[in-house]
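> See start_25.tsv below, with TSV, C-alpha atoms.
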```tsv
chain	number	residue	atom	x	y	z
R	1082	MET	CA	99.94	53.95	234.30
R	1083	TYR	CA	103.41	54.14	235.84
R	1084	ILE	CA	103.91	53.69	239.58
R	1085	PRO	CA	107.13	54.32	241.61
R	1086	LEU	CA	108.85	51.06	242.51
R	1087	PHE	CA	112.27	50.34	244.05
R	1088	ILE	CA	113.77	47.01	242.97
R	1089	ASP	CA	116.78	45.13	244.32
R	1090	PHE	CA	118.66	44.19	241.15
R	1091	SER	CA	121.08	41.83	242.87
R	1092	ASN	CA	121.51	38.83	240.55
R	1093	LEU	CA	118.75	39.93	238.18
R	1094	LYS	CA	119.61	39.70	234.48
R	1095	VAL	CA	119.76	42.93	232.49
R	1096	LEU	CA	120.31	43.23	228.74
R	1097	VAL	CA	121.58	46.58	227.45
R	1098	ILE	CA	121.30	47.01	223.70
R	1099	GLY	CA	123.61	49.76	222.48
R	1100	CYS	CA	127.03	50.72	223.81
R	1101	GLY	CA	127.04	54.45	223.21
R	1102	SER	CA	127.44	56.84	226.14
R	1103	VAL	CA	123.85	56.32	227.34
R	1104	GLY	CA	123.99	52.54	227.07
R	1105	LEU	CA	127.32	52.37	228.90
R	1106	ARG	CA	125.98	54.53	231.73
R	1107	ARG	CA	122.95	52.27	232.14
R	1108	ALA	CA	125.12	49.15	231.98
R	1109	SER	CA	127.38	50.55	234.71
R	1110	LEU	CA	124.36	51.55	236.81
R	1111	PHE	CA	122.86	48.08	236.84
R	1112	SER	CA	126.22	46.30	237.11
R	1113	ASN	CA	127.08	48.37	240.19
R	1114	ALA	CA	123.67	47.44	241.62
R	1115	GLY	CA	124.62	43.77	241.46
R	1116	ALA	CA	122.78	42.80	238.28
R	1117	LYS	CA	124.15	40.31	235.78
R	1118	VAL	CA	124.53	42.63	232.79
R	1119	THR	CA	124.97	41.71	229.16
R	1120	THR	CA	125.61	44.42	226.57
R	1121	VAL	CA	124.91	44.12	222.86
R	1122	CYS	CA	127.52	46.20	221.02
R	1123	ARG	CA	128.81	46.77	217.53
R	1124	GLU	CA	132.46	45.88	217.01
R	1125	SER	CA	133.43	49.57	216.97
R	1126	GLU	CA	131.71	50.46	220.26
R	1127	LYS	CA	133.35	50.67	223.68
R	1128	ARG	CA	133.13	47.96	226.33
R	1129	ILE	CA	132.81	47.91	230.12
R	1130	GLU	CA	135.31	45.77	231.97
R	1131	GLY	CA	133.66	42.85	233.72
R	1132	VAL	CA	130.41	43.07	231.74
R	1133	ASN	CA	129.47	40.32	229.31
R	1134	VAL	CA	129.44	41.51	225.68
R	1135	VAL	CA	127.60	40.18	222.64
R	1136	SER	CA	128.91	41.61	219.38
R	1137	ILE	CA	126.09	41.61	216.86
R	1138	ASP	CA	124.45	43.99	214.43
R	1139	ILE	CA	120.70	43.53	215.05
R	1140	LYS	CA	118.21	43.95	212.21
R	1141	GLU	CA	114.62	44.93	213.02
R	1142	ASN	CA	113.17	42.15	210.86
R	1143	ASP	CA	115.31	39.49	212.57
R	1144	ILE	CA	112.65	38.57	215.10
R	1145	GLU	CA	114.18	35.26	216.20
R	1146	THR	CA	117.55	36.87	216.98
R	1147	ILE	CA	115.82	39.54	219.07
R	1148	LYS	CA	113.77	36.90	220.92
R	1149	GLN	CA	116.87	34.86	221.70
R	1150	LEU	CA	118.67	37.93	223.03
R	1151	VAL	CA	115.91	39.10	225.38
R	1152	LYS	CA	114.26	35.85	226.49
R	1153	ASP	CA	116.46	35.12	229.54
R	1154	HIS	CA	116.58	38.69	230.91
R	1155	HIS	CA	114.38	40.45	233.45
R	1156	LEU	CA	115.01	43.95	232.11
R	1157	VAL	CA	115.87	45.06	228.59
R	1158	VAL	CA	117.47	48.49	228.19
R	1159	ILE	CA	117.36	49.92	224.67
R	1160	ALA	CA	119.93	52.64	224.00
R	1161	ILE	CA	120.17	52.92	220.22
R	1162	ASP	CA	119.51	55.74	217.77
R	1163	SER	CA	117.21	53.88	215.38
R	1164	GLU	CA	113.62	54.47	216.51
R	1165	SER	CA	112.24	51.76	214.22
R	1166	LEU	CA	114.69	49.15	215.56
R	1167	ALA	CA	114.11	50.30	219.15
R	1168	SER	CA	110.36	49.99	218.61
R	1169	ALA	CA	110.73	46.49	217.17
R	1170	ILE	CA	112.90	45.31	220.07
R	1171	ALA	CA	110.57	46.87	222.64
R	1172	ARG	CA	107.48	45.32	221.06
R	1173	ILE	CA	109.02	41.82	221.06
R	1174	ALA	CA	110.43	42.12	224.59
R	1175	ILE	CA	107.12	43.38	226.02
R	1176	SER	CA	105.27	40.54	224.27
R	1177	LEU	CA	107.60	38.15	226.14
R	1178	GLY	CA	106.68	39.77	229.47
R	1179	LYS	CA	109.92	41.70	229.94
R	1180	LEU	CA	110.46	45.07	231.57
R	1181	VAL	CA	111.69	47.43	228.88
R	1182	ASN	CA	113.47	50.73	229.40
R	1183	ASN	CA	114.13	52.86	226.35
R	1184	ALA	CA	116.90	55.19	227.42
R	1185	VAL	CA	116.37	57.56	224.49
R	1186	ASP	CA	112.56	57.65	224.21
R	1187	SER	CA	110.59	56.48	227.25
R	1188	ARG	CA	107.44	56.06	225.15
R	1189	LEU	CA	109.02	52.99	223.54
R	1190	GLY	CA	109.03	50.94	226.73
R	1191	ASN	CA	107.19	50.20	229.97
R	1192	THR	CA	109.91	51.05	232.53
R	1193	ILE	CA	111.55	54.36	233.42
R	1194	VAL	CA	114.88	54.71	235.20
R	1195	PRO	CA	114.42	57.87	237.29
R	1196	LEU	CA	116.97	60.42	238.33
R	1197	ARG	CA	118.04	59.17	241.75
R	1198	LEU	CA	118.90	61.27	244.76
R	1199	SER	CA	120.42	59.63	247.86
R	1200	LEU	CA	120.95	61.61	251.05
R	1201	ASN	CA	120.91	60.80	254.78
R	1202	GLY	CA	119.60	57.29	254.20
R	1203	ILE	CA	116.78	58.50	251.96
R	1204	ASP	CA	116.45	57.56	248.28
R	1205	ILE	CA	114.26	59.67	246.00
R	1206	GLY	CA	113.54	58.87	242.36
R	1207	ILE	CA	112.05	61.55	240.09
R	1208	THR	CA	111.09	61.64	236.42
R	1209	SER	CA	109.56	64.11	233.97
R	1210	TYR	CA	108.62	61.26	231.59
R	1211	GLY	CA	111.15	62.51	229.08
R	1212	ILE	CA	110.10	66.16	229.09
R	1213	SER	CA	113.25	67.74	230.53
R	1214	VAL	CA	116.43	66.33	232.06
R	1215	GLU	CA	117.52	69.86	233.01
R	1216	ALA	CA	114.29	70.43	234.96
R	1217	LEU	CA	114.93	67.18	236.83
R	1218	ARG	CA	118.46	68.23	237.75
R	1219	ARG	CA	117.23	71.55	239.13
R	1220	MET	CA	114.42	69.84	241.03
R	1221	ALA	CA	116.87	67.33	242.50
R	1222	ARG	CA	119.11	70.15	243.67
R	1223	LYS	CA	116.20	71.86	245.44
R	1224	ILE	CA	115.25	68.61	247.15
R	1225	GLU	CA	118.89	68.08	248.16
R	1226	ILE	CA	119.04	71.58	249.69
R	1227	LEU	CA	115.81	70.90	251.59
R	1228	LEU	CA	117.05	67.59	253.03
R	1229	GLU	CA	120.41	69.11	253.98
R	1230	SER	CA	119.05	72.30	255.57
R	1231	ASP	CA	115.61	71.52	257.01
R	1232	ILE	CA	116.18	70.76	260.70
R	1233	GLU	CA	112.74	69.18	261.14
R	1234	ILE	CA	113.26	66.66	258.35
R	1235	LYS	CA	116.80	65.81	259.48
R	1236	THR	CA	115.66	65.35	263.08
R	1237	LEU	CA	112.69	63.18	262.14
R	1238	ILE	CA	114.81	60.92	259.92
R	1239	HIS	CA	117.33	60.48	262.74
R	1240	ILE	CA	114.60	59.68	265.27
R	1241	CYS	CA	112.77	57.23	262.99
R	1242	ARG	CA	115.99	55.34	262.21
R	1243	VAL	CA	116.38	54.43	265.90
R	1244	LEU	CA	112.75	54.46	267.05
R	1245	LYS	CA	111.39	52.03	264.45
R	1246	LYS	CA	114.06	49.41	265.21
R	1247	CYS	CA	113.08	49.42	268.87
R	1248	VAL	CA	109.34	49.46	268.29
R	1249	LYS	CA	109.62	46.44	265.97
R	1250	ILE	CA	111.49	44.55	268.70
R	1251	PHE	CA	109.02	45.27	271.50
R	1252	VAL	CA	105.72	45.56	269.62
R	1253	GLN	CA	105.14	42.37	267.67
R	1254	ASN	CA	101.57	43.08	266.59
R	1255	HIS	CA	101.44	45.13	263.38
R	1256	LYS	CA	98.20	46.92	264.29
R	1257	GLU	CA	99.56	47.89	267.71
R	1258	ARG	CA	102.74	49.22	266.06
R	1259	MET	CA	100.71	51.37	263.68
R	1260	ASN	CA	98.63	52.74	266.56
R	1261	LEU	CA	101.78	53.59	268.51
R	1262	TYR	CA	103.42	55.29	265.51
R	1263	ARG	CA	100.25	57.28	264.89
R	1264	SER	CA	100.14	58.42	268.51
R	1265	ILE	CA	103.79	59.48	268.45
R	1266	PHE	CA	103.82	61.21	265.08
R	1267	THR	CA	100.58	63.13	265.71
R	1268	ASP	CA	101.54	64.20	269.22
R	1269	ASP	CA	101.85	68.01	269.44
R	1270	GLU	CA	104.59	67.95	272.06
R	1271	PHE	CA	106.68	65.43	270.11
R	1272	ASN	CA	106.29	67.42	266.89
R	1273	ARG	CA	107.20	70.66	268.64
R	1274	TYR	CA	110.51	69.16	269.74
R	1275	VAL	CA	111.14	67.72	266.26
R	1276	SER	CA	110.50	71.07	264.58
R	1277	LYS	CA	113.12	72.66	266.85
R	1278	GLY	CA	115.66	69.89	266.29
R	1279	ASP	CA	115.47	68.88	269.97
R	1280	THR	CA	116.28	65.20	269.53
R	1281	VAL	CA	116.68	64.42	273.25
R	1282	SER	CA	113.27	65.81	274.21
R	1283	ALA	CA	111.60	64.22	271.19
R	1284	PHE	CA	112.96	60.78	272.12
R	1285	SER	CA	111.91	61.31	275.72
R	1286	ARG	CA	108.37	62.14	274.64
R	1287	ALA	CA	108.25	59.09	272.34
R	1288	ILE	CA	109.42	56.88	275.21
R	1289	ASP	CA	106.64	58.27	277.44
R	1290	ILE	CA	104.00	57.64	274.77
R	1291	ALA	CA	105.23	54.05	274.27
R	1292	ARG	CA	105.15	53.55	278.03
R	1293	GLY	CA	101.51	54.62	278.00
R	1294	PHE	CA	100.87	51.72	275.60
R	1295	GLY	CA	102.63	49.34	278.01
R	1296	PHE	CA	105.95	49.16	276.13
R	1297	GLU	CA	109.29	50.08	277.75
R	1298	ILE	CA	111.70	51.08	274.97
R	1299	LYS	CA	114.01	53.47	276.82
R	1300	GLU	CA	117.05	51.16	277.07
R	1301	CYS	CA	116.69	50.10	273.45
R	1302	ILE	CA	116.56	53.75	272.36
R	1303	GLU	CA	119.68	54.56	274.39
R	1304	ARG	CA	121.56	51.60	272.89
R	1305	GLY	CA	120.43	52.61	269.43
R	1306	LEU	CA	121.66	56.17	269.95
R	1307	ASP	CA	125.05	54.90	271.11
R	1308	GLN	CA	125.35	52.72	267.98
R	1309	ASP	CA	124.11	55.54	265.73
R	1310	ASN	CA	126.82	57.81	267.08
```
Here is a file; write its structure as structure tokens.


Amino acid sequence: MYIPLFIDFSNLKVLVIGCGSVGLRRASLFSNAGAKVTTVCRESEKRIEGVNVVSIDIKENDIETIKQLVKDHHLVVIAIDSESLASAIARIAISLGKLVNNAVDSRLGNTIVPLRLSLNGIDIGITSYGISVEALRRMARKIEILLESDIEIKTLIHICRVLKKCVKIFVQNHKERMNLYRSIFTDDEFNRYVSKGDTVSAFSRAIDIARGFGFEIKECIERGLDQDN
């Protein structure tokens, strides 16, 4: 069963097998994320500047070569046309405990790279498990429109960005923090202000609720708002 998981790829080792358009896009994606990327390319295939390249023509029965290629990497991306070779590489890599993403057929792997949407400090990853890229693009556009136009969501994101920094400073106990958040986010008056986009009143109500718990966060909120602006 797949579960959503965000990973910091800084300094992780990624092997991309195949330097066609899909492989090059994946190599660029992980390289830009700070990973140490190695690509396995045929002599005739394109290269990415700054990315390590191994020029080799892999055969599916050459198990030792495949093992040597994948053994030192955290993630193996397979972006080749041959399903039998892709299956062989995936099987060996998974047996060595590697994460495997098959960029052409997600069934031949254990890791999916989702379509990523970043907006207003929020990252959303979505996948159809290989059913339809076009459906994903349309879904992403609808989500983007929602995040850009929904005043309640935009207001709540803005409030949480400042509020949570201050609460973490003044409320050291995790359980007390959760109780305070619950009281704020379930408060009818607070939510009424948020739904209207009334940031000032919403912050004021949150400050009053925190004060009722014995925490004075007003000055921290005001400093946070100044920095946020």

> Write out, as a Markdown table, each residue of region 1145-1184 of chain R that has an atom at most 12 Å from region 1207-1220 of chain R, together with the closest pair of atoms and their distance in Å to one decimal, counting only C-alpha atoms, rows going by chain and rising number.


```
| residue | atom | partner | partner_atom | distance |
| --- | --- | --- | --- | --- |
| R:Asn1182 | CA | R:Tyr1210 | CA | 11.8 |
| R:Asn1183 | CA | R:Gly1211 | CA | 10.5 |
| R:Ala1184 | CA | R:Gly1211 | CA | 9.5 |
```

> List as a PyMOL selection string the protein and nucleic acid residues near Gly1104 (chain R), meaning an atom at most 9 Å away when only C-alpha atoms are counted, but skip any in the same chain fewer than 6 places from it.

chain R and resi 1097-1098+1120+1158-1161+1184

> In Å, rounded to a single decimal, give me how far CA of Asp1162 (chain R) is from CA of Ile1144 (chain R).

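We find that CA of Ile1144 (chain R) and CA of Asp1162 (chain R) lie 18.7 Å from each other.
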
> With distances taken over only C-alpha atoms, which residue among R:Cys1247, R:Lys1117, R:Lys1256, R:Ala1283 lies nearest Asp1268 (chain R)?

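Of R:Cys1247, R:Lys1117, R:Lys1256, R:Ala1283, the one nearest Asp1268 (chain R) is R:Ala1283, counting only C-alpha atoms.
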
> Env of Leu1237 (chain R): 9 Å cut, atoms = all atoms listed in the file, seq-sep filter 2 positions within chain, self excluded. Answer as number ranges by chain.

R: 1232-1235, 1239-1242, 1275-1276, 1278, 1280

> Quick one: of R:Gly1295, R:Ser1176, R:Thr1236, R:Lys1249, who's nearest to Ser1282 (chain R), counting all atoms listed in the file?

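Ranked by minimum distance to Ser1282 (chain R), first place goes to R:Thr1236.
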
> Could you check the closest approach to Phe1090 (chain R) for each of R:Ile1137, R:Cys1301, R:Ala1116, R:Ala1169 and tell me which residue wins, using only C-alpha atoms?

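With only C-alpha atoms as the atom set, the closest residue is R:Ala1116.
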
> In Å, rounded to a single decimal, give me how far CA of Ser1102 (chain R) is from CA of Glu1130 (chain R).

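Atom-to-atom, CA of Glu1130 (chain R) and CA of Ser1102 (chain R) are spaced 14.8 Å apart.
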